[in-house]
Each structure stands twice: as C-alpha cells, then as structure tokens.
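Next up, upload-v7.tsv (TSV, C-alpha atoms):
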chain	number	residue	atom	x	y	z
A	1	MET	CA	34.69	94.90	-76.75
A	2	HIS	CA	31.24	94.38	-78.29
A	3	ARG	CA	30.72	98.17	-78.47
A	4	MET	CA	34.08	98.63	-80.20
A	5	TRP	CA	33.17	96.26	-83.03
A	6	LYS	CA	29.78	98.01	-83.37
A	7	LEU	CA	31.59	101.37	-83.83
A	8	LEU	CA	33.84	99.88	-86.47
A	9	SER	CA	30.81	98.63	-88.39
A	10	MET	CA	29.20	102.09	-88.31
A	11	LEU	CA	32.36	103.80	-89.58
A	12	PHE	CA	32.69	101.30	-92.38
A	13	ALA	CA	29.08	101.93	-93.42
A	14	MET	CA	29.69	105.71	-93.49
A	15	ALA	CA	32.67	105.17	-95.73
A	16	LEU	CA	30.56	103.22	-98.20
A	17	VAL	CA	27.88	105.96	-98.26
A	18	ALA	CA	30.51	108.65	-98.82
A	19	ALA	CA	32.01	106.68	-101.68
A	20	ALA	CA	28.59	106.41	-103.31
A	21	CYS	CA	28.17	110.25	-103.22
A	22	GLY	CA	31.12	110.87	-105.53
A	23	SER	CA	34.60	112.35	-105.50
A	24	ASP	CA	33.60	115.31	-103.34
A	25	ALA	CA	33.23	112.86	-100.51
A	26	ALA	CA	36.80	111.52	-100.84
A	27	ASP	CA	37.93	113.36	-97.75
A	28	VAL	CA	35.09	111.81	-95.82
A	29	VAL	CA	36.05	108.39	-97.11
A	30	ASP	CA	39.69	108.94	-96.20
A	31	GLY	CA	38.70	110.16	-92.77
A	32	ALA	CA	36.39	107.24	-92.25
A	33	THR	CA	39.05	104.86	-93.43
A	34	ASP	CA	41.57	106.36	-91.03
A	35	ALA	CA	39.03	106.13	-88.25
A	36	VAL	CA	38.31	102.51	-89.10
A	37	GLU	CA	42.02	101.68	-89.06
A	38	ASP	CA	42.57	103.52	-85.77
A	39	ALA	CA	39.58	101.82	-84.24
A	40	ALA	CA	40.77	98.45	-85.52
A	41	ASP	CA	44.21	99.07	-84.02
A	42	THR	CA	42.59	100.07	-80.74
A	43	ALA	CA	40.39	96.98	-80.80
A	44	THR	CA	43.37	94.74	-81.52
A	45	ASP	CA	45.37	96.31	-78.70
A	46	ALA	CA	42.43	95.91	-76.35
A	47	ALA	CA	41.99	92.29	-77.35
A	48	GLU	CA	45.68	91.60	-76.80
A	49	ASP	CA	45.49	93.26	-73.39
A	50	VAL	CA	42.53	91.07	-72.48
A	51	VAL	CA	44.41	87.93	-73.59
A	52	ASP	CA	47.54	88.98	-71.64
A	53	GLU	CA	45.48	89.66	-68.54
A	54	ALA	CA	43.75	86.28	-68.88
A	55	GLU	CA	47.09	84.49	-69.25
A	56	GLU	CA	48.52	86.30	-66.23
A	57	ALA	CA	45.42	85.40	-64.22
A	58	MET	CA	45.77	81.74	-65.18
A	59	GLU	CA	49.45	81.78	-64.22
A	60	ASP	CA	48.58	83.39	-60.88
A	61	ASP	CA	45.93	80.71	-60.27
A	62	GLU	CA	48.44	77.96	-61.08
A	63	HIS	CA	51.01	79.46	-58.71
A	64	SER	CA	48.32	79.80	-56.06
A	65	ASP	CA	47.28	76.17	-56.49
A	66	GLU	CA	50.90	75.04	-56.28
A	67	GLU	CA	51.51	77.10	-53.16
A	68	HIS	CA	48.30	75.80	-51.62
A	69	SER	CA	49.33	72.23	-52.42
A	70	GLU	CA	52.78	72.79	-50.93
A	71	ASP	CA	51.23	74.36	-47.83
A	72	ALA	CA	48.93	71.36	-47.46
A	73	MET	CA	51.89	68.99	-47.77
A	74	ASP	CA	53.79	71.04	-45.21
A	75	ASP	CA	50.83	70.90	-42.81
A	76	GLU	CA	50.51	67.15	-43.27
A	77	GLY	CA	54.23	66.46	-42.94
A	78	ALA	CA	54.95	68.99	-40.21
A	79	MET	CA	53.93	66.53	-37.51
A	80	GLN	CA	56.59	64.08	-38.75
A	81	ASP	CA	59.49	66.49	-39.26
A	82	ASP	CA	61.08	65.46	-35.96
A	83	TRP	CA	60.50	61.72	-36.39
A	84	PRO	CA	63.65	59.61	-36.78
A	85	GLU	CA	64.39	58.12	-40.19
A	86	THR	CA	64.47	54.57	-38.79
A	87	LEU	CA	63.38	52.78	-35.61
A	88	VAL	CA	64.80	49.72	-33.81
A	89	PHE	CA	62.35	47.38	-32.10
A	90	THR	CA	64.06	45.30	-29.38
A	91	LEU	CA	62.43	42.22	-27.89
A	92	THR	CA	63.01	40.26	-24.70
A	93	PRO	CA	64.64	36.87	-25.40
A	94	SER	CA	62.14	34.85	-23.35
A	95	GLN	CA	62.56	31.97	-25.79
A	96	GLU	CA	65.06	30.81	-28.41
A	97	THR	CA	66.43	33.90	-30.18
A	98	GLY	CA	66.28	32.58	-33.74
A	99	GLY	CA	62.57	31.84	-33.46
A	100	LEU	CA	61.91	35.27	-32.01
A	101	ILE	CA	63.67	37.04	-34.86
A	102	GLU	CA	61.76	35.02	-37.45
A	103	THR	CA	58.46	36.05	-35.88
A	104	ALA	CA	59.52	39.58	-34.97
A	105	THR	CA	60.56	40.44	-38.53
A	106	PRO	CA	57.03	40.37	-40.02
A	107	LEU	CA	55.75	42.17	-36.91
A	108	ALA	CA	58.33	44.91	-37.47
A	109	GLU	CA	57.23	45.12	-41.10
A	110	MET	CA	53.61	45.60	-40.02
A	111	LEU	CA	54.72	48.36	-37.68
A	112	SER	CA	56.76	49.98	-40.44
A	113	GLU	CA	53.79	49.97	-42.82
A	114	ARG	CA	51.65	51.82	-40.30
A	115	LEU	CA	54.31	54.36	-39.32
A	116	GLY	CA	55.88	54.98	-42.70
A	117	ILE	CA	59.34	54.44	-41.16
A	118	PRO	CA	61.66	51.41	-41.54
A	119	VAL	CA	61.60	49.31	-38.35
A	120	GLU	CA	64.37	46.83	-37.57
A	121	PRO	CA	63.88	44.01	-35.02
A	122	LEU	CA	66.61	43.33	-32.46
A	123	VAL	CA	66.81	40.47	-29.94
A	124	PRO	CA	69.70	40.82	-27.44
A	125	THR	CA	71.29	37.79	-25.84
A	126	ASP	CA	69.75	38.42	-22.42
A	127	TYR	CA	67.07	40.41	-20.57
A	128	ALA	CA	69.51	43.11	-19.46
A	129	GLY	CA	70.46	43.78	-23.09
A	130	VAL	CA	66.96	45.04	-23.82
A	131	ILE	CA	67.22	47.74	-21.14
A	132	VAL	CA	70.73	48.65	-22.27
A	133	ALA	CA	69.49	49.05	-25.85
A	134	LEU	CA	66.77	51.45	-24.69
A	135	GLU	CA	69.08	53.36	-22.36
A	136	SER	CA	71.86	53.77	-24.93
A	137	GLY	CA	69.59	54.82	-27.77
A	138	GLN	CA	70.29	51.63	-29.77
A	139	ALA	CA	66.54	50.89	-29.70
A	140	GLN	CA	63.47	53.12	-29.54
A	141	ILE	CA	60.75	50.48	-29.03
A	142	ALA	CA	60.79	47.49	-26.66
A	143	GLY	CA	58.36	44.60	-26.53
A	144	GLY	CA	57.75	41.57	-24.36
A	145	LEU	CA	59.16	43.41	-21.36
A	146	GLY	CA	58.64	41.42	-18.19
A	147	PRO	CA	57.28	43.30	-15.17
A	148	ARG	CA	60.73	43.96	-13.74
A	149	GLN	CA	61.88	45.15	-17.15
A	150	MET	CA	58.92	47.52	-17.38
A	151	VAL	CA	60.05	49.14	-14.13
A	152	GLN	CA	63.70	49.16	-15.22
A	153	ALA	CA	62.80	50.59	-18.63
A	154	GLU	CA	61.03	53.50	-16.97
A	155	GLU	CA	63.36	54.15	-14.04
A	156	GLN	CA	66.72	53.15	-15.53
A	157	ALA	CA	66.32	53.90	-19.23
A	158	GLY	CA	63.86	56.81	-18.94
A	159	ALA	CA	61.38	55.00	-21.20
A	160	GLU	CA	57.64	55.56	-21.42
A	161	LEU	CA	55.32	52.59	-20.76
A	162	ILE	CA	52.60	52.36	-23.42
A	163	LEU	CA	50.86	48.96	-23.44
A	164	GLN	CA	50.32	45.82	-21.38
A	165	SER	CA	49.71	42.28	-22.61
A	166	GLU	CA	46.41	40.54	-22.04
A	167	ARG	CA	46.02	36.76	-21.95
A	168	PHE	CA	42.80	34.84	-21.51
A	169	GLY	CA	41.11	38.11	-20.59
A	170	SER	CA	43.53	38.72	-17.69
A	171	LEU	CA	46.33	41.21	-17.02
A	172	LEU	CA	47.88	38.91	-14.42
A	173	TYR	CA	49.95	35.73	-14.56
A	174	VAL	CA	52.03	33.57	-12.21
A	175	THR	CA	55.32	31.77	-11.80
A	176	GLN	CA	54.68	28.06	-12.11
A	177	TRP	CA	56.84	25.50	-10.34
A	178	PHE	CA	57.25	22.16	-12.11
A	179	THR	CA	59.17	18.93	-11.66
A	180	ASN	CA	60.08	15.61	-13.21
A	181	ASP	CA	59.85	14.06	-9.71
A	182	PRO	CA	56.17	14.31	-8.70
A	183	ASP	CA	56.62	11.69	-5.97
A	184	THR	CA	58.69	14.21	-4.03
A	185	TYR	CA	56.80	17.43	-4.67
A	186	CYS	CA	53.17	16.33	-5.02
A	187	ASP	CA	51.02	15.62	-1.97
A	188	ASP	CA	48.37	14.04	-4.17
A	189	ALA	CA	48.21	12.15	-7.44
A	190	PRO	CA	48.74	14.38	-10.48
A	191	VAL	CA	45.62	15.08	-12.52
A	192	ALA	CA	45.42	16.00	-16.20
A	193	ASP	CA	43.67	18.93	-17.84
A	194	GLU	CA	41.82	18.66	-21.16
A	195	ASP	CA	45.17	18.75	-23.00
A	196	GLY	CA	46.69	15.97	-20.94
A	197	TYR	CA	49.02	18.26	-18.95
A	198	LEU	CA	49.54	17.10	-15.37
A	199	PHE	CA	49.09	19.19	-12.19
A	200	CYS	CA	49.11	18.41	-8.50
A	201	ASN	CA	48.62	20.10	-5.11
A	202	GLY	CA	45.35	21.66	-6.29
A	203	VAL	CA	46.88	23.86	-9.00
A	204	LEU	CA	44.40	22.62	-11.60
A	205	ASP	CA	41.53	23.84	-9.41
A	206	ALA	CA	42.76	27.43	-9.52
A	207	ALA	CA	40.37	29.73	-11.38
A	208	SER	CA	42.81	32.60	-11.92
A	209	ALA	CA	46.22	33.97	-11.00
A	210	ALA	CA	44.64	35.59	-7.97
A	211	ASP	CA	44.27	32.11	-6.42
A	212	GLY	CA	48.04	31.86	-5.93
A	213	PRO	CA	50.26	31.12	-4.17
A	214	ILE	CA	49.71	27.37	-4.30
A	215	GLY	CA	52.11	24.61	-3.23
A	216	ALA	CA	54.50	26.98	-1.44
A	217	ASP	CA	54.79	24.41	1.36
A	218	GLN	CA	56.85	22.23	-1.02
A	219	LEU	CA	59.61	24.83	-1.48
A	220	PRO	CA	61.63	24.01	1.69
A	221	LYS	CA	62.34	20.64	0.01
A	222	LEU	CA	64.45	22.45	-2.60
A	223	GLU	CA	67.44	22.92	-0.30
A	224	GLY	CA	70.46	21.59	-2.23
A	225	VAL	CA	68.37	20.73	-5.31
A	226	THR	CA	69.19	21.78	-8.89
A	227	VAL	CA	66.59	24.36	-9.92
A	228	SER	CA	66.22	25.71	-13.45
A	229	PHE	CA	65.62	29.46	-13.52
A	230	VAL	CA	65.14	31.54	-16.67
A	231	ASP	CA	67.27	34.68	-16.45
A	232	GLN	CA	68.36	36.95	-13.62
A	233	GLY	CA	66.34	39.75	-15.21
A	234	SER	CA	63.16	37.69	-15.46
A	235	THR	CA	60.35	38.41	-13.01
A	236	SER	CA	58.49	35.10	-13.11
A	237	GLY	CA	61.64	33.20	-14.09
A	238	TYR	CA	63.79	34.38	-11.18
A	239	ALA	CA	62.76	37.36	-9.05
A	240	ILE	CA	59.45	35.97	-7.80
A	241	PRO	CA	60.81	32.42	-7.29
A	242	ALA	CA	63.82	33.84	-5.44
A	243	LEU	CA	61.52	35.73	-3.09
A	244	GLN	CA	59.39	32.63	-2.55
A	245	LEU	CA	62.48	30.56	-1.75
A	246	ALA	CA	63.70	33.18	0.73
A	247	GLN	CA	60.28	33.22	2.39
A	248	ALA	CA	60.45	29.41	2.61
A	249	GLY	CA	63.80	29.61	4.38
A	250	VAL	CA	65.92	28.61	1.38
A	251	ASP	CA	68.70	30.92	0.22
A	252	PRO	CA	68.01	31.42	-3.51
A	253	LEU	CA	71.71	32.04	-4.15
A	254	ASP	CA	73.49	29.43	-2.05
A	255	GLY	CA	70.68	27.17	-0.87
A	256	VAL	CA	69.96	25.72	-4.32
A	257	ASP	CA	72.05	24.72	-7.30
A	258	GLY	CA	70.71	27.36	-9.67
A	259	LEU	CA	70.80	26.83	-13.41
A	260	PHE	CA	69.93	29.77	-15.69
A	261	ALA	CA	68.42	28.34	-18.85
A	262	GLY	CA	68.12	31.65	-20.72
A	263	GLY	CA	64.46	31.29	-21.71
A	264	HIS	CA	61.17	29.96	-20.37
A	265	ASP	CA	61.12	27.23	-23.00
A	266	ASN	CA	64.69	26.26	-22.11
A	267	SER	CA	63.79	26.07	-18.44
A	268	VAL	CA	61.02	23.58	-19.21
A	269	GLN	CA	63.40	21.70	-21.48
A	270	ALA	CA	66.01	21.44	-18.71
A	271	VAL	CA	63.53	19.69	-16.42
A	272	TYR	CA	62.19	17.55	-19.26
A	273	ASP	CA	65.75	16.43	-20.09
A	274	GLY	CA	66.59	15.77	-16.44
A	275	ASP	CA	69.23	18.53	-16.16
A	276	ALA	CA	67.27	19.94	-13.22
A	277	ALA	CA	64.77	18.32	-10.85
A	278	VAL	CA	62.64	21.46	-10.53
A	279	GLY	CA	62.14	24.49	-12.71
A	280	VAL	CA	60.16	27.71	-13.05
A	281	SER	CA	58.53	29.58	-15.91
A	282	PHE	CA	55.42	31.56	-16.76
A	283	ASN	CA	52.20	29.54	-16.92
A	284	ASP	CA	51.97	27.34	-18.95
A	285	ALA	CA	55.31	27.40	-20.76
A	286	ARG	CA	55.26	23.65	-21.26
A	287	GLY	CA	53.38	24.33	-24.46
A	288	THR	CA	56.40	26.10	-25.95
A	289	ILE	CA	58.25	22.78	-26.38
A	290	ALA	CA	55.24	20.51	-26.94
A	291	GLU	CA	55.72	20.30	-30.71
A	292	ALA	CA	59.17	18.74	-30.32
A	293	ASN	CA	58.26	16.95	-27.08
A	294	PRO	CA	54.61	15.82	-27.22
A	295	ASP	CA	54.80	14.09	-23.82
A	296	VAL	CA	56.08	17.18	-21.97
A	297	GLY	CA	52.75	17.59	-20.17
A	298	GLU	CA	53.15	14.13	-18.66
A	299	LYS	CA	56.86	14.18	-17.86
A	300	VAL	CA	56.89	17.72	-16.43
A	301	VAL	CA	54.29	18.16	-13.66
A	302	VAL	CA	53.26	21.57	-12.30
A	303	PHE	CA	53.14	21.43	-8.50
A	304	GLY	CA	52.93	25.11	-7.50
A	305	TRP	CA	52.02	28.68	-8.36
A	306	SER	CA	53.23	32.02	-7.09
A	307	GLY	CA	50.94	34.91	-6.25
A	308	PRO	CA	49.63	37.11	-9.11
A	309	ILE	CA	52.10	39.14	-11.21
A	310	PRO	CA	51.21	41.98	-13.61
A	311	ASN	CA	51.66	40.96	-17.25
A	312	ASP	CA	54.52	42.05	-19.46
A	313	GLY	CA	54.23	45.01	-21.78
A	314	PHE	CA	55.66	47.46	-24.30
A	315	ALA	CA	57.62	50.69	-23.87
A	316	VAL	CA	59.22	53.38	-26.02
A	317	ALA	CA	62.24	55.62	-25.60
A	318	GLY	CA	61.45	58.68	-23.50
A	319	ASP	CA	62.85	61.15	-26.03
A	320	LEU	CA	60.51	60.25	-28.89
A	321	PRO	CA	58.08	62.98	-30.07
A	322	PRO	CA	54.66	62.65	-28.40
A	323	ASP	CA	52.88	62.25	-31.75
A	324	LEU	CA	55.22	59.37	-32.66
A	325	VAL	CA	54.57	57.70	-29.29
A	326	SER	CA	50.85	57.92	-30.01
A	327	ALA	CA	51.37	56.58	-33.52
A	328	ILE	CA	53.40	53.59	-32.25
A	329	THR	CA	50.81	52.83	-29.58
A	330	ASP	CA	47.95	53.01	-32.07
A	331	ALA	CA	49.88	50.88	-34.54
A	332	PHE	CA	50.42	48.05	-32.04
A	333	VAL	CA	46.75	48.13	-30.99
A	334	ASP	CA	45.71	48.01	-34.63
A	335	ILE	CA	48.08	45.11	-35.34
A	336	ALA	CA	46.72	43.17	-32.36
A	337	GLY	CA	43.23	43.62	-33.81
A	338	THR	CA	44.10	41.95	-37.13
A	339	GLU	CA	44.14	38.22	-37.71
A	340	ASP	CA	47.75	38.10	-38.93
A	341	GLY	CA	49.01	40.53	-36.30
A	342	ASN	CA	47.28	38.70	-33.48
A	343	ALA	CA	48.79	35.42	-34.68
A	344	LEU	CA	52.29	36.96	-34.61
A	345	LEU	CA	51.84	38.37	-31.10
A	346	SER	CA	50.54	35.01	-29.95
A	347	GLU	CA	53.53	33.23	-31.45
A	348	LEU	CA	55.97	35.71	-29.94
A	349	TYR	CA	54.68	35.95	-26.37
A	350	SER	CA	51.27	34.20	-26.26
A	351	ILE	CA	49.64	37.66	-26.31
A	352	ASP	CA	45.89	37.77	-26.94
A	353	ASP	CA	45.52	41.55	-26.90
A	354	LEU	CA	47.28	44.80	-25.98
A	355	VAL	CA	45.69	47.36	-23.66
A	356	PRO	CA	46.71	50.76	-22.22
A	357	VAL	CA	48.94	50.69	-19.15
A	358	THR	CA	49.91	53.04	-16.35
A	359	SER	CA	53.10	53.05	-14.34
A	360	SER	CA	51.28	52.33	-11.08
A	361	ASP	CA	50.23	48.92	-12.42
A	362	TYR	CA	53.78	47.81	-11.59
A	363	ASP	CA	53.99	49.16	-8.04
A	364	VAL	CA	53.91	45.57	-6.78
A	365	ILE	CA	57.16	44.98	-8.64
A	366	ARG	CA	58.70	48.09	-7.10
A	367	ASP	CA	57.76	46.72	-3.69
A	368	LEU	CA	59.36	43.42	-4.70
A	369	GLU	CA	62.62	45.18	-5.53
A	370	VAL	CA	62.67	46.82	-2.11
A	371	GLU	CA	61.89	43.55	-0.35
A	372	LEU	CA	64.57	41.56	-2.09
A	373	GLY	CA	67.18	44.31	-1.90
A	374	ASP	CA	70.67	43.07	-2.58
A	375	LEU	CA	69.38	39.57	-3.28
A	376	LEU	CA	68.66	40.48	-6.91
A	377	GLU	CA	71.83	42.48	-7.53
Could you show the structure in this file as structure tokens?
Amino acid sequence: MHRMWKLLSMLFAMALVAAACGSDAADVVDGATDAVEDAADTATDAAEDVVDEAEEAMEDDEHSDEEHSEDAMDDEGAMQDDWPETLVFTLTPSQETGGLIETATPLAEMLSERLGIPVEPLVPTDYAGVIVALESGQAQIAGGLGPRQMVQAEEQAGAELILQSERFGSLLYVTQWFTNDPDTYCDDAPVADEDGYLFCNGVLDAASAADGPIGADQLPKLEGVTVSFVDQGSTSGYAIPALQLAQAGVDPLDGVDGLFAGGHDNSVQAVYDGDAAVGVSFNDARGTIAEANPDVGEKVVVFGWSGPIPNDGFAVAGDLPPDLVSAITDAFVDIAGTEDGNALLSELYSIDDLVPVTSSDYDVIRDLEVELGDLLE
C-alpha cells in the first residue's frame, strides 16, 4: 500500500512538469492524469479489500471465541448432563419427626449449594419407610441409617454405602439398658458422671464400646416386664436387645411386654414417665430429652450395655452417576468440616464427623440377621 501511494505521487509530479512545458505536453498531462486516476482507483479498491479482509478476520475470530466458549461450557457441563434435576434426602426418624425436619432443611440447603441441584428433605414415619423410599426411587440420598438399615439399603434397595458416622473419635456404639427401678436392676449403688447422669453395674467404668456387654446378667429379670424398644427396624433399639434377651433365655416377642416408642428419645421418655420399667436406646440418649426433663439423668439409670455395634451412616441410590455419588460424598464431608454443618449433624444424630465406609464394616450385622432369623421378621 505504501508503494502504491509513492507511485501516485510520482505520476502527479510528472503531470505538473508536463504542464509547465506548454501545450505540446497536453497529451502527457492527460496520460498522467488518467494514470493517476487509475492508480487512485486501484489504491481505493486495494484499501477496501484490506478493510473487508480485516472485518472478515475479526468476525472469524469472534465466531472462534464463541465456539471455544461454548465448547468449554460443554466440557464443564458434560459431567452433569445425566444428573437428576432434583434430589430427595431421606432421614431415619430416630427422634421426633418435626425436629428432624427443622434441622434437616438447612442441611439439605447446604447440600444443594454444593451440588447445584435442589435437595428436598424427607422423614418417613418409621425406619422401614427410609428403605422403601430408596428402593422405590422416591429418595436418592439417605442419612442416619442405623447399621441394619445400612445392610438393608445395600442388599434390599441396591444402594451404595458412602459414609459412616464418627462420635467421640469412635466408629462403634452400644445399646444401653436403662430403668426407673434401680433397686431391681442394679447390683450396686448408682454413681454419677460429671453431668450428674447415673450408672450402675460398672457401666461408668467402661472406657469404650468394646468393653461391652455389661450387666447382661440382669436381663433374665425382664420376663413379663414392660420394655420400651425404639422401632423394629432399629439395630440398637430392637435387634441387638432382642438378641440379648434371647441369649438370656427371655423370648423378646412373648417373654416381655414390648412397647415400641418410635424414637430413641421417646424410649427414654417412656421410662422417665413410668410407661415402661426398662428401656433401650443408643448411648447416651438421655441427653435428647434433658432440656425438657433436667432430672432425666437421675430418674433414668443406665444399668447395662450391649457389645459394640458399628455406627450408622449414609447411602445413595445405586443408579446415580458415579460422578454425582462422588460429589455427594465430598459435599457431606465438606459440610461436616464447617462449623455450621457440624452443628447441624450433631443436632440431627450427634455426629462429630463423617468418614469413608466399606460394606464389610457391617458384616457383624449380617451375622446378626442370620443368628436371629425369623425372630426379626
């Protein structure tokens, strides 16, 4: 382009020289003028071509950037194409349902924030309802699953076990036996812990769940007695106590007057209120009703422990995409690591932390099912 304008300048100069030489140079002037005009037209056309090419190049770059951006969005969203639009998070009703929903709702919101999918909490009326929800596709995530429920979720509902609860640095807990009649079920005077809760038969001396069973020699006394259980689907609230009763020579179905309270807190409440002489729950469920009943630790005395039981946990539907399963698992672990999330898990199920789990951790429960057989049907 620079050379073109230089040529135009030279032609224009020649025209001026020719004009200065007189009329004989008119033809030269005319020729120079024509040349200048032709060159100018050529230069203009060339300039327009350059501008057109530049505009086309800019448009191509814009299209390329848009396509690149779309490709990047596709790559980022491709992993979530097969994720469901919403998720239902079902929880075991181990305590009063209304309270669980109130606490579960903000937990579901935390989960939703991390997954980018709306999550709805659901608390069925009983333990069996949680497994049914998983099996039927009504729920995709389940929390607070007792050990028996973890096995049922996997074997009956085809769910995948993802996490296990940790409390006080342990993955084990026990069934505790308690009574409002310590004179009958305590071989020694009840002693109080630092919170004023009473224990007898050496339970307070236990260092961990592995020290159980304790006080099993008191169970034959339960023949004909009203006993408060939790739920037929509860491990510590029925299955383990039923096995202990059978081992003590007491038929857990016909040998006692069984009362199913529906929750661990309700089982403690039944003994506190005098509706049952003896009850069972996880340790130490007395704290779940302490706010309304400050003297529960004195009126309800723990006289026995079962052997160790693997803690409850979390599971997801077996047909969820693997990347979503990983995302849900990571989300729960992240929630447990935050102050607000940890407080919610503690309020829900007294959970201190969530750790990875494997199916074999619940083999002891599978053995329990075999041992009890038709007793738990």
Quote the spacing between CA of Val333 (chain A) and CA of Asp82 (chain A) in Å to one decimal place.
->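 One can read the CA of Val333 (chain A) to CA of Asp82 (chain A) distance as 23.0 Å.
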Per residue of region 157-225 of chain A within 12 Å of region 342-365 of chain A, record the nearest atom pair and its distance in Å to one decimal, counting all atoms listed in the file, with rows in chain order and ascending residue number, as JSON lines.
{"residue": "A:Ala159", "atom": "CA", "partner": "A:Ser359", "partner_atom": "CA", "distance": 10.9}
{"residue": "A:Glu160", "atom": "CA", "partner": "A:Ser359", "partner_atom": "CA", "distance": 8.8}
{"residue": "A:Leu161", "atom": "CA", "partner": "A:Ser359", "partner_atom": "CA", "distance": 6.8}
{"residue": "A:Ile162", "atom": "CA", "partner": "A:Val357", "partner_atom": "CA", "distance": 5.9}
{"residue": "A:Leu163", "atom": "CA", "partner": "A:Pro356", "partner_atom": "CA", "distance": 4.7}
{"residue": "A:Gln164", "atom": "CA", "partner": "A:Val355", "partner_atom": "CA", "distance": 5.4}
{"residue": "A:Ser165", "atom": "CA", "partner": "A:Leu354", "partner_atom": "CA", "distance": 4.9}
{"residue": "A:Glu166", "atom": "CA", "partner": "A:Asp353", "partner_atom": "CA", "distance": 5.0}
{"residue": "A:Arg167", "atom": "CA", "partner": "A:Asp352", "partner_atom": "CA", "distance": 5.1}
{"residue": "A:Phe168", "atom": "CA", "partner": "A:Asp352", "partner_atom": "CA", "distance": 6.9}
{"residue": "A:Gly169", "atom": "CA", "partner": "A:Asp352", "partner_atom": "CA", "distance": 8.0}
{"residue": "A:Ser170", "atom": "CA", "partner": "A:Asp352", "partner_atom": "CA", "distance": 9.6}
{"residue": "A:Leu171", "atom": "CA", "partner": "A:Val355", "partner_atom": "CA", "distance": 9.1}
{"residue": "A:Leu172", "atom": "CA", "partner": "A:Asp361", "partner_atom": "CA", "distance": 10.5}
{"residue": "A:Tyr173", "atom": "CA", "partner": "A:Ser350", "partner_atom": "CA", "distance": 11.9}
- Query: Hey, what's within 8 Å of Gln149 (chain A) if we count all atoms listed in the file and toss same-chain stuff fewer than 5 positions away? As a list in words, please?
  - Reply: Tyr127, Ile131, Gly233 and Ser234 of chain A
* Which residue out of A:Leu198, A:Pro220, A:Gly263, A:Ile240 has the minimum interatomic distance to Ser94 (chain A) when only C-alpha atoms are used? ->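 Smallest distance to Ser94 (chain A) is found for A:Gly263.
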**Message:** Which residues are near region 287-300 of chain A? Cut-off 9 Å, only C-alpha atoms, ignore same chain within fewer than 2 positions. Put them as an MDAnalysis selection string.
**Reply:** chainID A and resid 95 178:182 192 195:199 264:266 268:269 271:272 284:285 302
For Phe260 (chain A), the closest of A:Glu120, A:Asp231, A:Asp273, A:Glu154 counting all atoms listed in the file is A:Asp231
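Computed from the coordinates, the CA of Ala248 (chain A) to CA of Ser267 (chain A) distance equals 21.6 Å.
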Set the distance at 12 Å and use all atoms listed in the file: which residues neighbour region 371-373 of chain A once local chain neighbours fewer than 6 positions away are removed? I'd like the list as an mmCIF file with C-alpha atoms, in the frame of the given file.
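And here is the file that came out, part-v4.cif:
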data_model
loop_
_atom_site.group_PDB
_atom_site.id
_atom_site.type_symbol
_atom_site.label_atom_id
_atom_site.label_comp_id
_atom_site.auth_asym_id
_atom_site.auth_seq_id
_atom_site.Cartn_x
_atom_site.Cartn_y
_atom_site.Cartn_z
ATOM 1 C CA TYR A 238 63.790 34.380 -11.180
ATOM 2 C CA ALA A 239 62.760 37.360 -9.050
ATOM 3 C CA ILE A 240 59.450 35.970 -7.800
ATOM 4 C CA PRO A 241 60.810 32.420 -7.290
ATOM 5 C CA ALA A 242 63.820 33.840 -5.440
ATOM 6 C CA LEU A 243 61.520 35.730 -3.090
ATOM 7 C CA GLN A 244 59.390 32.630 -2.550
ATOM 8 C CA LEU A 245 62.480 30.560 -1.750
ATOM 9 C CA ALA A 246 63.700 33.180 0.730
ATOM 10 C CA GLN A 247 60.280 33.220 2.390
ATOM 11 C CA ASP A 251 68.700 30.920 0.220
ATOM 12 C CA PRO A 252 68.010 31.420 -3.510
ATOM 13 C CA VAL A 364 53.910 45.570 -6.780
ATOM 14 C CA ILE A 365 57.160 44.980 -8.640
#
Between CA of Ala153 (chain A) and CA of Pro322 (chain A), what is the distance, to one decimal in Å?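 One can read the CA of Ala153 (chain A) to CA of Pro322 (chain A) distance as 17.5 Å.
Nearest to Val132 (chain A) of all the residues A:Cys186, A:Ile328, A:Val191, A:Ala317 is A:Ala317, based on all atoms listed in the file.
Among the candidates A:Ser228, A:Gln138, A:Thr338, A:Ser208, the residue lying nearest to Ala270 (chain A) is A:Ser228 (atoms considered: only C-alpha atoms).
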